[in-house]
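Chemist: The structure file upload_33.csv (CSV, C-alpha atoms) is provided below.
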```
chain,number,residue,atom,x,y,z
A,1,MET,CA,0.0,0.0,0.0
A,2,ARG,CA,1.3,3.4,-0.9
A,3,ARG,CA,1.7,6.2,1.7
A,4,SER,CA,-0.3,8.4,-0.6
A,5,ASP,CA,-3.3,6.2,0.3
A,6,LEU,CA,-3.5,8.0,3.7
A,7,VAL,CA,-7.0,8.5,4.8
A,8,ARG,CA,-9.6,11.0,5.8
A,9,CYS,CA,-11.8,12.4,8.5
A,10,GLY,CA,-13.1,12.8,11.9
A,11,HIS,CA,-14.3,11.8,15.3
A,12,ARG,CA,-17.0,11.9,17.9
A,13,ALA,CA,-17.1,15.0,20.0
A,14,GLU,CA,-20.7,15.4,21.2
A,15,PRO,CA,-23.5,12.8,21.7
A,16,MET,CA,-25.2,13.4,18.4
A,17,ILE,CA,-22.1,13.8,16.2
A,18,HIS,CA,-21.0,10.7,14.3
A,19,GLN,CA,-17.2,10.3,14.6
A,20,SER,CA,-16.5,9.9,10.8
A,21,LEU,CA,-18.6,12.6,9.2
A,22,PHE,CA,-19.8,14.9,12.1
A,23,LEU,CA,-23.4,13.8,11.2
A,24,LEU,CA,-26.1,15.6,13.2
A,25,THR,CA,-29.8,15.2,12.9
A,26,ARG,CA,-31.3,17.7,10.5
A,27,SER,CA,-32.7,19.8,13.3
A,28,GLN,CA,-29.4,20.0,15.1
A,29,MET,CA,-27.1,20.8,12.2
A,30,VAL,CA,-25.4,24.2,12.6
A,31,GLU,CA,-24.5,26.0,9.4
A,32,ILE,CA,-22.2,29.1,9.7
A,33,ASP,CA,-22.9,31.8,7.2
A,34,PHE,CA,-20.6,34.8,7.6
A,35,PRO,CA,-20.1,37.8,5.4
A,36,ILE,CA,-16.6,37.7,4.1
A,37,LYS,CA,-14.8,41.1,4.0
A,38,GLY,CA,-11.8,42.0,1.9
A,39,GLU,CA,-9.6,39.7,0.0
A,40,ARG,CA,-8.5,36.2,1.0
A,41,SER,CA,-5.1,34.7,0.8
A,42,MET,CA,-5.2,32.1,-2.0
A,43,SER,CA,-3.1,29.8,0.2
A,44,ALA,CA,-5.3,30.2,3.3
A,45,VAL,CA,-7.2,27.1,4.5
A,46,VAL,CA,-8.6,28.6,7.7
A,47,GLU,CA,-9.3,32.3,8.1
A,48,VAL,CA,-10.8,33.7,11.3
A,49,GLU,CA,-11.4,37.4,11.9
A,50,ASP,CA,-12.6,39.1,15.1
A,51,LEU,CA,-14.4,36.0,16.3
A,52,THR,CA,-16.4,36.2,19.5
A,53,LYS,CA,-18.4,33.8,21.6
A,54,ARG,CA,-20.4,34.6,24.7
A,55,TYR,CA,-22.0,32.3,27.2
A,56,GLY,CA,-24.3,34.7,29.1
A,57,SER,CA,-21.9,37.2,30.7
A,58,VAL,CA,-18.8,35.1,30.0
A,59,ARG,CA,-16.8,35.8,26.9
A,60,ALA,CA,-15.1,32.6,25.8
A,61,LEU,CA,-13.7,34.3,22.6
A,62,ASN,CA,-13.0,38.0,22.6
A,63,GLY,CA,-12.1,38.9,19.1
A,64,ILE,CA,-9.8,36.1,17.8
A,65,SER,CA,-8.2,36.5,14.4
A,66,LEU,CA,-5.8,34.1,12.8
A,67,THR,CA,-4.9,32.4,9.4
A,68,VAL,CA,-3.8,28.9,8.8
A,69,ASN,CA,-2.1,28.5,5.5
A,70,GLY,CA,-2.2,25.3,3.3
A,71,GLY,CA,0.4,22.8,4.2
A,72,ALA,CA,1.1,24.3,7.7
A,73,VAL,CA,1.2,22.4,10.9
A,74,PHE,CA,-0.4,25.1,13.1
A,75,GLY,CA,-0.1,24.8,16.9
A,76,LEU,CA,-2.8,26.4,19.1
A,77,LEU,CA,-1.5,27.0,22.7
A,78,GLY,CA,-3.1,28.5,25.8
A,79,PRO,CA,-4.0,28.0,29.4
A,80,ASN,CA,-7.1,26.0,30.4
A,81,GLY,CA,-10.2,28.1,29.6
A,82,ALA,CA,-8.4,30.3,27.1
A,83,GLY,CA,-10.9,29.4,24.3
A,84,LYS,CA,-9.0,26.9,22.2
A,85,THR,CA,-11.7,24.2,22.2
A,86,THR,CA,-14.5,26.8,21.6
A,87,LEU,CA,-12.6,28.0,18.6
A,88,LEU,CA,-12.3,24.4,17.2
A,89,ARG,CA,-16.0,23.7,17.7
A,90,ILE,CA,-16.9,26.9,15.8
A,91,LEU,CA,-14.6,25.9,12.9
A,92,LEU,CA,-16.3,22.5,12.8
A,93,GLY,CA,-19.8,23.9,12.9
A,94,PHE,CA,-20.7,22.4,16.2
A,95,ILE,CA,-21.7,25.8,17.7
A,96,LEU,CA,-22.4,29.2,16.4
A,97,PRO,CA,-20.2,32.2,17.2
A,98,SER,CA,-21.6,35.4,18.7
A,99,GLY,CA,-19.8,37.6,16.1
A,100,GLY,CA,-17.0,37.8,13.7
A,101,GLN,CA,-16.3,35.7,10.6
A,102,VAL,CA,-14.8,32.4,9.6
A,103,SER,CA,-14.1,30.7,6.2
A,104,LEU,CA,-12.6,27.4,5.3
A,105,TRP,CA,-11.0,27.3,1.8
A,106,GLY,CA,-12.8,30.6,1.3
A,107,ASP,CA,-16.2,28.9,1.9
A,108,ARG,CA,-18.5,30.3,4.6
A,109,HIS,CA,-20.7,27.1,4.7
A,110,VAL,CA,-19.2,24.5,6.9
A,111,GLY,CA,-21.5,21.8,5.5
A,112,ARG,CA,-20.0,22.1,2.0
A,113,VAL,CA,-16.5,21.4,3.2
A,114,ARG,CA,-17.1,19.0,6.1
A,115,ARG,CA,-15.9,15.9,4.2
A,116,ARG,CA,-12.5,17.6,3.7
A,117,ILE,CA,-11.9,17.8,7.5
A,118,GLY,CA,-10.7,15.1,9.9
A,119,TYR,CA,-11.2,15.7,13.6
A,120,LEU,CA,-9.9,14.2,16.9
A,121,PRO,CA,-11.7,15.6,20.0
A,122,GLU,CA,-10.0,15.9,23.3
A,123,LEU,CA,-12.3,13.2,24.9
A,124,PRO,CA,-13.3,10.8,22.1
A,125,GLN,CA,-15.9,8.1,22.7
A,126,TYR,CA,-15.9,4.6,21.3
A,127,HIS,CA,-18.1,1.5,20.8
A,128,LEU,CA,-16.0,-0.6,23.2
A,129,LEU,CA,-17.4,-4.0,22.1
A,130,PHE,CA,-15.8,-3.5,18.7
A,131,SER,CA,-12.3,-4.4,17.8
A,132,ALA,CA,-10.2,-1.7,16.3
A,133,GLU,CA,-10.5,-3.2,12.9
A,134,GLU,CA,-14.3,-3.5,13.2
A,135,TYR,CA,-14.6,0.0,14.6
A,136,LEU,CA,-12.6,1.6,11.8
A,137,SER,CA,-14.5,-0.5,9.1
A,138,PHE,CA,-17.8,0.6,10.6
A,139,SER,CA,-16.7,4.3,10.6
A,140,GLY,CA,-15.4,4.0,7.1
A,141,HIS,CA,-18.8,3.0,5.7
A,142,PHE,CA,-20.2,6.3,7.0
A,143,SER,CA,-17.4,8.1,5.1
A,144,GLY,CA,-18.4,6.5,1.8
A,145,LEU,CA,-15.6,4.0,1.8
A,146,GLY,CA,-16.1,0.3,1.1
A,147,GLY,CA,-14.7,-2.9,-0.3
A,148,ARG,CA,-11.0,-3.3,-1.0
A,149,HIS,CA,-10.4,0.4,-0.7
A,150,LEU,CA,-11.7,0.6,2.8
A,151,ARG,CA,-9.8,-2.5,3.9
A,152,GLN,CA,-6.6,-1.0,2.5
A,153,ARG,CA,-7.1,2.2,4.4
A,154,VAL,CA,-7.9,0.4,7.6
A,155,ASP,CA,-4.7,-1.6,7.2
A,156,PHE,CA,-2.7,1.5,6.5
A,157,VAL,CA,-3.9,3.7,9.5
A,158,LEU,CA,-3.6,0.8,12.0
A,159,GLU,CA,0.0,0.3,10.8
A,160,LEU,CA,0.6,4.1,10.9
A,161,VAL,CA,-0.4,4.3,14.6
A,162,ARG,CA,1.3,1.0,15.5
A,163,LEU,CA,-1.9,-0.9,16.4
A,164,ASP,CA,-1.8,-3.5,13.6
A,165,GLU,CA,-0.9,-6.4,15.9
A,166,PHE,CA,-3.8,-5.4,18.2
A,167,ARG,CA,-6.4,-5.0,15.5
A,168,LYS,CA,-8.6,-8.0,16.6
A,169,ARG,CA,-8.6,-7.0,20.3
A,170,ARG,CA,-11.8,-5.4,21.7
A,171,LEU,CA,-11.5,-1.7,22.5
A,172,ARG,CA,-12.6,-2.3,26.1
A,173,GLU,CA,-9.3,-4.1,26.6
A,174,TYR,CA,-7.2,-1.1,25.2
A,175,SER,CA,-5.3,1.2,27.4
A,176,LYS,CA,-6.0,5.0,27.4
A,177,GLY,CA,-3.0,5.6,25.1
A,178,MET,CA,-4.1,2.8,22.7
A,179,LEU,CA,-7.6,4.3,22.5
A,180,GLN,CA,-6.1,7.7,21.7
A,181,ARG,CA,-4.2,6.1,18.8
A,182,VAL,CA,-7.5,4.5,17.5
A,183,GLY,CA,-8.9,8.1,17.5
A,184,ILE,CA,-6.0,9.3,15.5
A,185,ALA,CA,-6.4,6.4,13.0
A,186,GLN,CA,-10.1,7.2,12.6
A,187,ALA,CA,-9.5,10.9,12.1
A,188,LEU,CA,-7.1,9.9,9.2
A,189,LEU,CA,-9.4,7.3,7.7
A,190,PRO,CA,-10.8,9.1,4.6
A,191,ASP,CA,-7.7,11.2,3.8
A,192,PRO,CA,-8.6,14.8,5.1
A,193,GLU,CA,-7.1,17.9,3.6
A,194,LEU,CA,-7.4,19.6,7.0
A,195,LEU,CA,-6.9,17.7,10.2
A,196,ILE,CA,-8.0,19.2,13.5
A,197,LEU,CA,-6.5,17.5,16.5
A,198,ASP,CA,-7.4,18.4,20.1
A,199,GLU,CA,-4.7,17.1,22.4
A,200,PRO,CA,-3.6,14.2,20.1
A,201,ALA,CA,-0.8,13.1,22.5
A,202,GLY,CA,-3.0,13.1,25.6
A,203,GLY,CA,-2.6,9.9,27.6
A,204,LEU,CA,0.3,8.6,25.4
A,205,ASP,CA,3.6,7.4,26.8
A,206,PRO,CA,6.9,8.8,25.3
A,207,VAL,CA,6.9,6.1,22.6
A,208,GLY,CA,3.3,7.0,21.7
A,209,GLN,CA,4.1,10.7,21.6
A,210,LYS,CA,6.9,10.0,19.2
A,211,ASP,CA,4.4,8.0,17.0
A,212,VAL,CA,2.2,11.1,16.9
A,213,ARG,CA,5.2,13.2,15.9
A,214,ASP,CA,6.0,10.7,13.1
A,215,VAL,CA,2.4,10.9,11.9
A,216,LEU,CA,2.5,14.8,11.9
A,217,ASP,CA,5.8,14.6,10.0
A,218,PHE,CA,4.2,12.4,7.4
A,219,LEU,CA,1.2,14.7,7.1
A,220,LYS,CA,3.6,17.6,6.6
A,221,ALA,CA,5.4,15.7,3.9
A,222,GLU,CA,2.1,15.0,2.2
A,223,ASN,CA,1.3,18.8,2.3
A,224,LYS,CA,-1.7,18.2,4.5
A,225,THR,CA,-2.9,21.1,6.7
A,226,VAL,CA,-3.0,20.4,10.5
A,227,LEU,CA,-4.5,22.5,13.3
A,228,LEU,CA,-3.2,21.2,16.5
A,229,SER,CA,-4.4,22.2,20.0
A,230,SER,CA,-2.1,21.0,22.7
A,231,HIS,CA,-0.8,21.6,26.2
A,232,ASN,CA,2.5,19.9,25.3
A,233,LEU,CA,4.9,22.7,24.4
A,234,THR,CA,7.7,20.3,23.4
A,235,GLU,CA,5.3,18.5,21.0
A,236,VAL,CA,4.3,21.8,19.4
A,237,GLU,CA,7.8,23.1,19.1
A,238,ARG,CA,9.0,19.9,17.4
A,239,ALA,CA,6.1,19.5,15.1
A,240,CYS,CA,4.6,22.8,14.2
A,241,THR,CA,5.5,25.4,11.6
A,242,GLN,CA,3.2,28.1,12.9
A,243,VAL,CA,1.9,28.8,16.4
A,244,ALA,CA,-0.8,31.0,18.0
A,245,ILE,CA,-0.9,31.6,21.8
A,246,VAL,CA,-4.4,32.2,23.0
A,247,ASP,CA,-5.2,33.8,26.4
A,248,ARG,CA,-8.5,35.0,27.8
A,249,GLY,CA,-10.2,34.6,24.4
A,250,VAL,CA,-7.7,36.5,22.3
A,251,VAL,CA,-4.6,35.7,20.3
A,252,VAL,CA,-1.7,37.3,22.3
A,253,ARG,CA,1.1,36.1,20.0
A,254,ASP,CA,1.3,34.3,16.7
A,255,GLY,CA,3.6,33.6,13.8
A,256,SER,CA,6.2,31.2,12.6
A,257,LEU,CA,8.5,29.6,15.1
A,258,ASP,CA,11.4,31.6,13.7
A,259,ASP,CA,9.4,34.8,14.4
A,260,LEU,CA,8.3,33.7,17.9
A,261,LEU,CA,11.6,32.2,19.0
A,262,PRO,CA,14.5,34.5,18.2
A,263,ASP,CA,18.2,33.6,18.5
A,264,SER,CA,19.2,33.3,22.1
A,265,GLY,CA,22.7,34.5,21.4
A,266,SER,CA,24.2,31.0,22.2
A,267,VAL,CA,25.9,28.6,19.8
A,268,GLN,CA,26.2,24.9,20.6
A,269,LEU,CA,29.1,22.9,19.1
A,270,GLU,CA,29.1,19.1,19.1
A,271,VAL,CA,32.7,18.0,18.8
A,272,GLY,CA,34.9,14.9,18.8
A,273,PRO,CA,37.0,13.7,21.7
A,274,ILE,CA,38.8,16.4,23.7
A,275,ASN,CA,41.7,15.7,26.0
A,276,PRO,CA,42.1,17.5,29.4
A,277,GLU,CA,44.7,20.0,28.1
A,278,GLN,CA,42.3,21.0,25.2
A,279,ARG,CA,39.4,21.3,27.7
A,280,ALA,CA,41.4,23.7,29.8
A,281,ALA,CA,42.4,25.8,26.8
A,282,ILE,CA,38.8,26.0,25.6
A,283,ALA,CA,37.6,27.1,29.1
A,284,ARG,CA,40.1,30.0,29.0
A,285,PHE,CA,38.1,31.6,26.2
A,286,GLY,CA,35.7,32.8,29.0
A,287,PHE,CA,32.5,32.8,26.9
A,288,ALA,CA,32.9,29.0,26.2
A,289,ARG,CA,31.3,26.4,28.4
A,290,LEU,CA,31.8,22.7,28.2
A,291,THR,CA,28.5,21.0,29.2
A,292,SER,CA,29.8,17.5,28.5
A,293,ASP,CA,32.7,15.6,27.0
A,294,ASP,CA,31.5,16.4,23.5
A,295,CYS,CA,29.5,19.6,23.7
A,296,ILE,CA,30.7,23.3,23.9
A,297,VAL,CA,28.3,26.2,24.4
A,298,LEU,CA,29.4,29.7,23.3
A,299,GLU,CA,27.3,32.2,25.2
A,300,ASN,CA,26.8,35.7,23.7
A,301,ALA,CA,30.1,35.5,21.7
A,302,SER,CA,30.9,37.9,19.0
A,303,PRO,CA,31.5,36.6,15.4
A,304,GLU,CA,35.2,37.2,16.0
A,305,ASP,CA,35.1,35.2,19.3
A,306,GLU,CA,33.2,32.4,17.6
A,307,GLY,CA,35.8,32.4,14.8
A,308,ASN,CA,38.7,32.1,17.3
A,309,VAL,CA,37.1,29.0,19.0
A,310,LEU,CA,36.5,27.4,15.6
A,311,ARG,CA,40.1,28.1,14.5
A,312,TYR,CA,41.4,26.6,17.7
A,313,LEU,CA,39.4,23.4,17.1
A,314,LEU,CA,40.5,23.1,13.5
A,315,ASP,CA,44.2,23.8,14.4
A,316,ASN,CA,44.1,21.1,17.0
A,317,LYS,CA,42.3,18.6,14.7
A,318,ILE,CA,39.2,18.4,16.9
A,319,ARG,CA,36.3,17.2,14.8
A,320,ILE,CA,33.3,19.5,14.7
A,321,LEU,CA,30.2,17.3,14.3
A,322,SER,CA,27.5,20.0,14.4
A,323,LEU,CA,27.0,23.7,15.0
A,324,THR,CA,23.6,24.9,16.2
A,325,ARG,CA,22.5,28.4,16.9
A,326,GLN,CA,20.2,28.1,19.9
A,327,ARG,CA,16.9,30.0,20.1
A,328,ILE,CA,14.6,31.0,22.8
A,329,SER,CA,12.4,28.1,23.9
A,330,LEU,CA,8.7,28.0,23.2
A,331,GLU,CA,8.2,27.6,27.0
A,332,TRP,CA,9.8,31.0,27.5
A,333,ALA,CA,7.7,32.6,24.8
A,334,TYR,CA,4.5,31.0,26.2
A,335,LEU,CA,5.2,32.1,29.8
A,336,GLU,CA,6.0,35.6,28.7
A,337,ALA,CA,2.9,35.9,26.5
A,338,THR,CA,0.5,34.5,29.2
A,339,LYS,CA,2.2,36.0,32.2
A,340,GLY,CA,2.8,32.5,33.6
A,341,ARG,CA,-0.8,31.3,33.6
A,342,VAL,CA,-1.1,27.5,33.9
A,343,VAL,CA,-1.1,25.6,30.6
```
In structure tokens, what does this structure look like?
Modeler:
Amino acid sequence: MRRSDLVRCGHRAEPMIHQSLFLLTRSQMVEIDFPIKGERSMSAVVEVEDLTKRYGSVRALNGISLTVNGGAVFGLLGPNGAGKTTLLRILLGFILPSGGQVSLWGDRHVGRVRRRIGYLPELPQYHLLFSAEEYLSFSGHFSGLGGRHLRQRVDFVLELVRLDEFRKRRLREYSKGMLQRVGIAQALLPDPELLILDEPAGGLDPVGQKDVRDVLDFLKAENKTVLLSSHNLTEVERACTQVAIVDRGVVVRDGSLDDLLPDSGSVQLEVGPINPEQRAAIARFGFARLTSDDCIVLENASPEDEGNVLRYLLDNKIRILSLTRQRISLEWAYLEATKGRVV
């Protein structure tokens, strides 16, 4: 099976929403119809402008604006109660906003583009008497898949999330992390162009978290668009190309990681073996700090100072394995933007 056979669509988030197609009863379906002002970016998949949502006197969203471009892995960060999940539910058509405007691929009707979206909610629900294979096959029929094509996609997504050997086991026997991976597999089942993931690594051990990163890397290589809401700053920093930090219902900072995380002024050198005499000589540079036997950090060194260290290493035949300019961490940027509010 080719990796290009990767699959499409969503998940269960509310009692009357089918996990594959976000199907609601006719009386419950929410259609969003916003006037669209101004020109749209031709590459924009999601455009949100001045979006608000009120629950009585409480403002869950207070004028959010953001753009998610095609092919981006977009990270949505913020403390609990910041409005992230409310924003995702509006984008999916589950609830209506109080004001503002939204478009998906330039379309103001969510119903017309719903089949192009895959969704994993924060708290997915499952038919626990099914095996993973049965559950995905059942969901696939509601996405218009069938026959050999459906079987191939089920095989592919189970392998992608490393559940192939457990495909016959009933879901009630799965761990929390395994169930989360079933949800990711289902969100991918009919090959979505836009994938919306709410805490995809929730409940996963380090190996499972790496599996999620591998899936995100694959989606990025396939030029899929991913909107990822997460509390895991490390996950977002490793996987995302764009980030928005939301606090108290507004976007307080957004942009590419290069824009949000400037150079820290430090350079890290990974080098070959260094003898004690060479270690002492490097330490005398003052701005150079050896953090291990094979790692040198140059802190706030001028280009001339950096050149002097590199020249010393080359003159003494010390191998330079890598040189990395360190940037401010996403954790630092997040804490500064939210004034230290809890993630």
Chemist: Name the residues in contact with region 298-313 of chain A at a cut-off of 7 Å, using only C-alpha atoms, excluding same-chain residues fewer than 6 positions from it; report them as an mmCIF file with C-alpha atoms, keeping the file's coordinate frame.
Modeler:
```cif
data_model
loop_
_atom_site.group_PDB
_atom_site.id
_atom_site.type_symbol
_atom_site.label_atom_id
_atom_site.label_comp_id
_atom_site.auth_asym_id
_atom_site.auth_seq_id
_atom_site.Cartn_x
_atom_site.Cartn_y
_atom_site.Cartn_z
ATOM 1 C CA GLY A 265 22.700 34.500 21.400
ATOM 2 C CA SER A 266 24.200 31.000 22.200
ATOM 3 C CA VAL A 267 25.900 28.600 19.800
ATOM 4 C CA GLN A 268 26.200 24.900 20.600
ATOM 5 C CA PHE A 287 32.500 32.800 26.900
ATOM 6 C CA ALA A 288 32.900 29.000 26.200
ATOM 7 C CA ARG A 289 31.300 26.400 28.400
#
```
Chemist: By how many Å are CA of Arg116 (chain A) and CA of Gly249 (chain A) apart?
Modeler: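 Distance between the two atoms: 26.9 Å.
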Chemist: Could you give me, as an MDAnalysis selection string, the residues within 9 Å of region 52-69 of chain A, counting all atoms listed in the file and dropping anything in the same chain fewer than 5 positions from it?
Modeler: chainID A and resid 41:47 74 81:84 86:87 96:101 225:227 242 244 246 248:251 254
Chemist: A:His127, A:His141, A:Arg181, A:His231: which is nearest Pro79 (chain A), counting only C-alpha atoms?
Modeler: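 Among the listed residues, A:His231 lies closest to Pro79 (chain A).
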Chemist: Taking the point (-8.7, -1.9, 19.5) as given in the file, collect each protein or nucleic acid residue that comes within 9 Å of it, counting only C-alpha atoms, and present the set as a list of chain:residue names.
Modeler: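 Final list of nearby residues, as requested, is A:Leu128, A:Phe130, A:Ser131, A:Ala132, A:Glu133, A:Glu134, A:Tyr135, A:Leu163, A:Phe166, A:Arg167, A:Lys168, A:Arg169, A:Arg170, A:Leu171, A:Arg172, A:Glu173, A:Tyr174, A:Met178, A:Leu179, A:Val182.
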Chemist: When you draw a straight line from CA of Gly255 (chain A) to CA of Pro192 (chain A), how long is it in Å?
Modeler: 24.0 Å
Chemist: Pick out the closest residue to Val161 (chain A) from this set: A:Gly75, A:Gly146, A:Gly177, A:Pro121. Count all atoms listed in the file.
Modeler: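 Ranking A:Gly75, A:Gly146, A:Gly177, A:Pro121 by distance to Val161 (chain A), first place goes to A:Gly177.
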Chemist: Taking all atoms listed in the file into account, name the residue in A:Ile245, A:Leu145, A:Ile196, A:Ala281 that is nearest to Ile90 (chain A).
Modeler: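 Between A:Ile245, A:Leu145, A:Ile196, A:Ala281, the residue approaching Ile90 (chain A) most closely is A:Ile196.
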Chemist: Between CA of Asp164 (chain A) and CA of Leu136 (chain A), what is the distance in Å, rounded to a tenth?
Modeler: 12.1 Å
Chemist: Env of Asn316 (chain A): 12 Å cut, atoms = all atoms listed in the file, seq-sep filter 6 positions within chain, self excluded. Answer as an mmCIF file with C-alpha atoms, in the frame of the given file.
Modeler:
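Dumped to part.cif:
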```cif
data_model
loop_
_atom_site.group_PDB
_atom_site.id
_atom_site.type_symbol
_atom_site.label_atom_id
_atom_site.label_comp_id
_atom_site.auth_asym_id
_atom_site.auth_seq_id
_atom_site.Cartn_x
_atom_site.Cartn_y
_atom_site.Cartn_z
ATOM 1 C CA VAL A 271 32.700 18.000 18.800
ATOM 2 C CA GLY A 272 34.900 14.900 18.800
ATOM 3 C CA PRO A 273 37.000 13.700 21.700
ATOM 4 C CA ILE A 274 38.800 16.400 23.700
ATOM 5 C CA ASN A 275 41.700 15.700 26.000
ATOM 6 C CA GLU A 277 44.700 20.000 28.100
ATOM 7 C CA GLN A 278 42.300 21.000 25.200
ATOM 8 C CA ARG A 279 39.400 21.300 27.700
ATOM 9 C CA ALA A 281 42.400 25.800 26.800
ATOM 10 C CA ILE A 282 38.800 26.000 25.600
ATOM 11 C CA VAL A 309 37.100 29.000 19.000
ATOM 12 C CA LEU A 310 36.500 27.400 15.600
#
```
